[in-house]
There are 2 protein chains.
Amino acid sequence: MISDCYDPAMSERVGGKPPSGVAFLLTQVGTHAARRFAERVAELDITPPVAGLLRSIATGPGRSQQAVADELGLLPSRLVAFVDDLERRGLVERRRNADDRRQYALWLTADGQALLGRIGRTGREHELDLTRSLDDGERAQLGALLARIAEDQGLTPHVHPGFSSLK
Amino acid sequence: MISDCYDPAMSERVGGKPPSGVAFLLTQVGTHAARRFAERVAELDITPPVAGLLRSIATGPGRSQQAVADELGLLPSRLVAFVDDLERRGLVERRRNADDRRQYALWLTADGQALLGRIGRTGREHELDLTRSLDDGERAQLGALLARIAEDQGLTPHVHPGFSSLK
DNA sequence: TATTGTTATACTCTATAACTATA
DNA sequence: TATAGTTATAGAGTATAACAATA
């Protein structure tokens, strides 16, 4: 999923009217951004979904797996595999909830927090490289326009749509 | 591939410096754009890759499957399945090349051209809806900034990175 | 021997449903 | 009975290698 390979601009050229093609540019550049970020965090032996999961746990520590899965819009069965792997690597800890022993509370270990720091630095490098052809004013302008579209289209702040499925 | 679920902005907030988050916004909005376009063309019983393939054949008719696969950066083995389906539906035609009988030349049928027209209208609707919160000047501004990034990052015009693998 | 198109296969991602243990 | 977490499984999408026909 997740690929928009058709270019409205081209067919508009055939159809008559002049092309604008902002939508296609958005999918093209957006896909490139996602791919480059994935390449960068691969050097930390994680994938983008795992990076998002670590951040989510850090932002709201001690929540149940369902609560986290719900926030990120991913299936509980997917989250299990992620947490299994992170727990094996000593980055995340599962603790039984004493009040409701069906639930596990998720916490970051010290190693997990250190990794999150490295992910943050990777994200800043990614940001700088991707927008290196813009000056500060243009970067802010682009951010403002994208934020407007994101809000208008009903996208949840800080949650990537790649997580979705929601159900 | 293709999902960038980690938000640099958030961890920067933890790390210290103020967040900008243009890179994350790009993947978020770009993924949304690709998904919405996929939903739209699904009503024409095609997927975005197939829409891109139809456009490619229309732009350069009579080329071999390898030439088309090469342009779009997709594997020959993937293209076979797409062309099989499109030929069954009477949208594309395979013709043996008389000079080199190993090759098939790809052509759009009249039905295929009609479908391409409907795809073009769908693309224009998509473009308008996605950028409905911007005025004409802002839309042009956004397009210019995205085009600058696309060129700087070495993206091929009119070819979606989702096709890639290149090899 | 090399190339075009094709088939077979495998590996990942994603989605659904069934199972367990607790409530 | 309902819920949290887990397991098993099936379907896309994607990549690799082997094959037949032709050069």
# chains A, B, ... in the order shown; residues from 1 in each chain; ligands from 1
call {"tool": "closest_atom_pairs", "arguments": {"of": "chain C", "to": "chain B", "cutoff": "8 Å", "atoms": "only C-alpha atoms (C1' of nucleotides)", "output": "JSON lines"}}
result
{"residue": "C:DT4", "atom": "C1'", "partner": "B:Arg102", "partner_atom": "CA", "distance": 5.1}
{"residue": "C:DG5", "atom": "C1'", "partner": "B:Arg102", "partner_atom": "CA", "distance": 7.3}
{"residue": "C:DT6", "atom": "C1'", "partner": "B:Ser77", "partner_atom": "CA", "distance": 7.4}
call {"tool": "select_by_dssp", "arguments": {"residues": "chain A", "states": "strand (DSSP E or B)", "output": "PDB file with all heavy atoms, in the first residue's frame"}}
result
ATOM      1  N   SER A  64      -1.628   0.030  28.857  1.00  0.00           N
ATOM      2  CA  SER A  64      -1.808  -1.349  28.398  1.00  0.00           C
ATOM      3  C   SER A  64      -1.502  -1.440  26.908  1.00  0.00           C
ATOM      4  O   SER A  64      -1.474  -0.438  26.189  1.00  0.00           O
ATOM      5  CB  SER A  64      -3.239  -1.795  28.632  1.00  0.00           C
ATOM      6  OG  SER A  64      -4.118  -1.129  27.746  1.00  0.00           O
ATOM      7  N   VAL A  92      12.170  -2.761  26.090  1.00  0.00           N
ATOM      8  CA  VAL A  92      10.830  -2.531  26.628  1.00  0.00           C
ATOM      9  C   VAL A  92      10.546  -3.602  27.667  1.00  0.00           C
ATOM     10  O   VAL A  92      11.064  -4.717  27.592  1.00  0.00           O
ATOM     11  CB  VAL A  92       9.776  -2.585  25.491  1.00  0.00           C
ATOM     12  CG1 VAL A  92       8.382  -2.825  26.047  1.00  0.00           C
ATOM     13  CG2 VAL A  92       9.801  -1.306  24.654  1.00  0.00           C
ATOM     14  N   GLU A  93       9.736  -3.242  28.660  1.00  0.00           N
ATOM     15  CA  GLU A  93       9.411  -4.168  29.721  1.00  0.00           C
ATOM     16  C   GLU A  93       7.886  -4.324  29.830  1.00  0.00           C
ATOM     17  O   GLU A  93       7.164  -3.333  29.753  1.00  0.00           O
ATOM     18  CB  GLU A  93       9.963  -3.619  31.046  1.00  0.00           C
ATOM     19  CG  GLU A  93      10.190  -4.650  32.117  1.00  0.00           C
ATOM     20  CD  GLU A  93      10.672  -3.978  33.402  1.00  0.00           C
ATOM     21  OE1 GLU A  93      11.235  -2.862  33.301  1.00  0.00           O
ATOM     22  OE2 GLU A  93      10.454  -4.533  34.484  1.00  0.00           O
ATOM     23  N   ARG A  94       7.418  -5.555  30.001  1.00  0.00           N
ATOM     24  CA  ARG A  94       6.001  -5.815  30.260  1.00  0.00           C
ATOM     25  C   ARG A  94       5.821  -6.029  31.763  1.00  0.00           C
ATOM     26  O   ARG A  94       6.492  -6.904  32.332  1.00  0.00           O
ATOM     27  CB  ARG A  94       5.559  -7.091  29.528  1.00  0.00           C
ATOM     28  CG  ARG A  94       4.998  -6.881  28.139  1.00  0.00           C
ATOM     29  CD  ARG A  94       4.356  -8.147  27.611  1.00  0.00           C
ATOM     30  NE  ARG A  94       5.234  -8.822  26.651  1.00  0.00           N
ATOM     31  CZ  ARG A  94       4.917  -9.062  25.375  1.00  0.00           C
ATOM     32  NH1 ARG A  94       3.717  -8.733  24.925  1.00  0.00           N
ATOM     33  NH2 ARG A  94       5.762  -9.676  24.580  1.00  0.00           N
ATOM     34  N   ARG A  95       4.915  -5.276  32.393  1.00  0.00           N
ATOM     35  CA  ARG A  95       4.620  -5.506  33.822  1.00  0.00           C
ATOM     36  C   ARG A  95       3.135  -5.782  33.985  1.00  0.00           C
ATOM     37  O   ARG A  95       2.293  -5.017  33.517  1.00  0.00           O
ATOM     38  CB  ARG A  95       4.984  -4.282  34.664  1.00  0.00           C
ATOM     39  CG  ARG A  95       6.454  -3.907  34.596  1.00  0.00           C
ATOM     40  CD  ARG A  95       6.810  -2.851  35.612  1.00  0.00           C
ATOM     41  NE  ARG A  95       8.048  -2.146  35.247  1.00  0.00           N
ATOM     42  CZ  ARG A  95       8.317  -0.890  35.586  1.00  0.00           C
ATOM     43  NH1 ARG A  95       7.440  -0.192  36.307  1.00  0.00           N
ATOM     44  NH2 ARG A  95       9.453  -0.327  35.221  1.00  0.00           N
ATOM     45  N   ARG A  96       2.809  -6.860  34.716  1.00  0.00           N
ATOM     46  CA  ARG A  96       1.417  -7.209  34.981  1.00  0.00           C
ATOM     47  C   ARG A  96       0.733  -6.079  35.753  1.00  0.00           C
ATOM     48  O   ARG A  96       1.317  -5.517  36.683  1.00  0.00           O
ATOM     49  CB  ARG A  96       1.336  -8.486  35.827  1.00  0.00           C
ATOM     50  CG  ARG A  96       1.425  -9.777  35.054  1.00  0.00           C
ATOM     51  CD  ARG A  96       0.120 -10.057  34.311  1.00  0.00           C
ATOM     52  NE  ARG A  96       0.161 -11.356  33.634  1.00  0.00           N
ATOM     53  CZ  ARG A  96      -0.608 -11.668  32.599  1.00  0.00           C
ATOM     54  NH1 ARG A  96      -1.453 -10.790  32.099  1.00  0.00           N
ATOM     55  NH2 ARG A  96      -0.530 -12.854  32.046  1.00  0.00           N
ATOM     56  N   TYR A 104      -1.118  -6.011  30.517  1.00  0.00           N
ATOM     57  CA  TYR A 104       0.298  -5.709  30.691  1.00  0.00           C
ATOM     58  C   TYR A 104       0.497  -4.206  30.565  1.00  0.00           C
ATOM     59  O   TYR A 104      -0.058  -3.575  29.663  1.00  0.00           O
ATOM     60  CB  TYR A 104       1.147  -6.388  29.605  1.00  0.00           C
ATOM     61  CG  TYR A 104       1.426  -7.847  29.851  1.00  0.00           C
ATOM     62  CD1 TYR A 104       0.933  -8.807  28.984  1.00  0.00           C
ATOM     63  CD2 TYR A 104       2.176  -8.253  30.942  1.00  0.00           C
ATOM     64  CE1 TYR A 104       1.203 -10.158  29.196  1.00  0.00           C
ATOM     65  CE2 TYR A 104       2.441  -9.597  31.169  1.00  0.00           C
ATOM     66  CZ  TYR A 104       1.950 -10.545  30.298  1.00  0.00           C
ATOM     67  OH  TYR A 104       2.212 -11.856  30.517  1.00  0.00           O
ATOM     68  N   ALA A 105       1.295  -3.629  31.458  1.00  0.00           N
ATOM     69  CA  ALA A 105       1.697  -2.228  31.311  1.00  0.00           C
ATOM     70  C   ALA A 105       3.049  -2.191  30.623  1.00  0.00           C
ATOM     71  O   ALA A 105       3.938  -2.994  30.910  1.00  0.00           O
ATOM     72  CB  ALA A 105       1.775  -1.550  32.678  1.00  0.00           C
ATOM     73  N   LEU A 106       3.209  -1.257  29.684  1.00  0.00           N
ATOM     74  CA  LEU A 106       4.438  -1.170  28.892  1.00  0.00           C
ATOM     75  C   LEU A 106       5.332  -0.032  29.392  1.00  0.00           C
ATOM     76  O   LEU A 106       4.870   1.094  29.596  1.00  0.00           O
ATOM     77  CB  LEU A 106       4.099  -0.942  27.414  1.00  0.00           C
ATOM     78  CG  LEU A 106       3.304  -2.064  26.736  1.00  0.00           C
ATOM     79  CD1 LEU A 106       2.993  -1.711  25.301  1.00  0.00           C
ATOM     80  CD2 LEU A 106       4.056  -3.380  26.819  1.00  0.00           C
ATOM     81  N   TRP A 107       6.613  -0.353  29.587  1.00  0.00           N
ATOM     82  CA  TRP A 107       7.587   0.633  30.037  1.00  0.00           C
ATOM     83  C   TRP A 107       8.855   0.534  29.217  1.00  0.00           C
ATOM     84  O   TRP A 107       9.230  -0.557  28.778  1.00  0.00           O
ATOM     85  CB  TRP A 107       7.949   0.394  31.520  1.00  0.00           C
ATOM     86  CG  TRP A 107       6.780   0.518  32.447  1.00  0.00           C
ATOM     87  CD1 TRP A 107       5.862  -0.445  32.740  1.00  0.00           C
ATOM     88  CD2 TRP A 107       6.396   1.676  33.180  1.00  0.00           C
ATOM     89  NE1 TRP A 107       4.928   0.031  33.625  1.00  0.00           N
ATOM     90  CE2 TRP A 107       5.227   1.333  33.922  1.00  0.00           C
ATOM     91  CE3 TRP A 107       6.932   2.963  33.312  1.00  0.00           C
ATOM     92  CZ2 TRP A 107       4.594   2.252  34.766  1.00  0.00           C
ATOM     93  CZ3 TRP A 107       6.302   3.868  34.158  1.00  0.00           C
ATOM     94  CH2 TRP A 107       5.131   3.510  34.869  1.00  0.00           C
ATOM     95  N   LEU A 108       9.525   1.661  29.044  1.00  0.00           N
ATOM     96  CA  LEU A 108      10.832   1.678  28.390  1.00  0.00           C
ATOM     97  C   LEU A 108      11.921   1.401  29.420  1.00  0.00           C
ATOM     98  O   LEU A 108      11.878   1.928  30.527  1.00  0.00           O
ATOM     99  CB  LEU A 108      11.072   3.056  27.748  1.00  0.00           C
ATOM    100  CG  LEU A 108      11.190   3.135  26.233  1.00  0.00           C
ATOM    101  CD1 LEU A 108       9.979   2.466  25.582  1.00  0.00           C
ATOM    102  CD2 LEU A 108      11.313   4.572  25.780  1.00  0.00           C
TER     103      LEU A 108
END
call {"tool": "calpha_fit_rmsd", "arguments": {"fixed": "chain A", "moving": "chain B"}}
result
0.1 Å
call {"tool": "closest_atom_pairs", "arguments": {"of": "chain D", "to": "chain A", "cutoff": "9 Å", "atoms": "only C-alpha atoms (C1' of nucleotides)", "output": "tab-separated table"}}
result
residue	atom	partner	partner_atom	distance
D:DT3	C1'	A:Arg102	CA	8.3
D:DA4	C1'	A:Arg102	CA	5.2
D:DG5	C1'	A:Arg102	CA	7.2
D:DT6	C1'	A:Ser77	CA	7.4
D:DT7	C1'	A:Ser77	CA	8.9
D:DG13	C1'	A:Met1	CA	7.9
call {"tool": "residues_around", "arguments": {"residues": "C:DT14", "least_positions_apart": "6", "cutoff": "9 Å", "atoms": "only C-alpha atoms (C1' of nucleotides)", "output": "short mmCIF file (atom, residue, chain, number, x, y, z; two decimals) with all heavy atoms, in the first residue's frame"}}
result
data_model
loop_
_atom_site.label_atom_id
_atom_site.label_comp_id
_atom_site.auth_asym_id
_atom_site.auth_seq_id
_atom_site.Cartn_x
_atom_site.Cartn_y
_atom_site.Cartn_z
N ARG A 78 -0.62 -7.36 15.87
CA ARG A 78 0.65 -6.86 15.31
C ARG A 78 1.54 -6.37 16.43
O ARG A 78 2.75 -6.58 16.43
CB ARG A 78 0.40 -5.69 14.36
CG ARG A 78 0.12 -6.10 12.93
CD ARG A 78 0.25 -4.89 12.01
NE ARG A 78 1.63 -4.58 11.67
CZ ARG A 78 2.03 -3.42 11.16
NH1 ARG A 78 1.15 -2.45 10.98
NH2 ARG A 78 3.28 -3.23 10.87
P DG D 11 -6.91 -17.26 1.50
OP1 DG D 11 -8.36 -17.42 1.25
OP2 DG D 11 -5.93 -18.27 1.03
"O5'" DG D 11 -6.48 -15.84 0.91
"C5'" DG D 11 -7.18 -14.68 1.32
"C4'" DG D 11 -6.26 -13.49 1.32
"O4'" DG D 11 -5.14 -13.75 2.18
"C3'" DG D 11 -5.65 -13.15 -0.04
"O3'" DG D 11 -6.35 -12.02 -0.56
"C2'" DG D 11 -4.18 -12.81 0.26
"C1'" DG D 11 -4.10 -12.88 1.78
N9 DG D 11 -2.86 -13.39 2.34
C8 DG D 11 -2.48 -14.69 2.45
N7 DG D 11 -1.31 -14.84 3.04
C5 DG D 11 -0.92 -13.55 3.32
C6 DG D 11 0.25 -13.08 3.96
O6 DG D 11 1.20 -13.72 4.40
N1 DG D 11 0.25 -11.69 4.05
C2 DG D 11 -0.75 -10.87 3.59
N2 DG D 11 -0.59 -9.56 3.76
N3 DG D 11 -1.85 -11.30 3.02
C4 DG D 11 -1.86 -12.65 2.91
P DA D 12 -6.20 -11.53 -2.04
OP1 DA D 12 -7.50 -11.41 -2.67
OP2 DA D 12 -5.14 -12.35 -2.66
"O5'" DA D 12 -5.62 -10.07 -1.82
"C5'" DA D 12 -4.46 -9.67 -2.51
"C4'" DA D 12 -3.70 -8.67 -1.69
"O4'" DA D 12 -3.09 -9.35 -0.58
"C3'" DA D 12 -2.58 -8.01 -2.50
"O3'" DA D 12 -2.81 -6.61 -2.56
"C2'" DA D 12 -1.29 -8.34 -1.76
"C1'" DA D 12 -1.73 -9.01 -0.47
N9 DA D 12 -0.99 -10.25 -0.21
C8 DA D 12 -1.36 -11.52 -0.54
N7 DA D 12 -0.51 -12.44 -0.14
C5 DA D 12 0.49 -11.73 0.49
C6 DA D 12 1.68 -12.12 1.13
N6 DA D 12 2.07 -13.38 1.23
N1 DA D 12 2.44 -11.15 1.64
C2 DA D 12 2.05 -9.87 1.55
N3 DA D 12 0.95 -9.38 0.97
C4 DA D 12 0.20 -10.37 0.46
#
call {"tool": "atom_distance", "arguments": {"atom1": "atom CA of A:Gly62", "atom2": "atom CA of A:Leu75"}}
result
18.9 Å
call {"tool": "select_by_dssp", "arguments": {"residues": "stretch 55-130 of chain A", "states": "alpha helix (DSSP H)", "output": "JSON, numbers by chain"}}
result
{"A": [55, 56, 57, 58, 59, 65, 66, 67, 68, 69, 70, 71, 72, 76, 77, 78, 79, 80, 81, 82, 83, 84, 85, 86, 87, 88, 110, 111, 112, 113, 114, 115, 116, 117, 118, 119, 120, 121, 122, 123, 124, 125, 126, 127, 128, 129, 130]}
call {"tool": "residues_around", "arguments": {"residues": "A:Leu53", "least_positions_apart": "2", "cutoff": "12 Å", "atoms": "only C-alpha atoms (C1' of nucleotides)", "output": "JSON, numbers by chain"}}
result
{"A": [46, 47, 48, 49, 50, 51, 55, 56, 57, 58, 59, 60, 61, 65, 67, 68, 69, 70, 71, 72, 73, 74, 78, 79, 80, 81, 82, 83, 86, 91, 92, 106, 107, 108, 112, 116, 119, 158, 159, 160, 163], "B": [4, 5, 6, 7]}
call {"tool": "atom_distance", "arguments": {"atom1": "atom CA of A:Thr122", "atom2": "atom CA of A:Gly90"}}
result
20.8 Å
call {"tool": "atom_distance", "arguments": {"atom1": "atom CA of B:Leu26", "atom2": "atom CA of B:Thr156"}}
result
17.7 Å
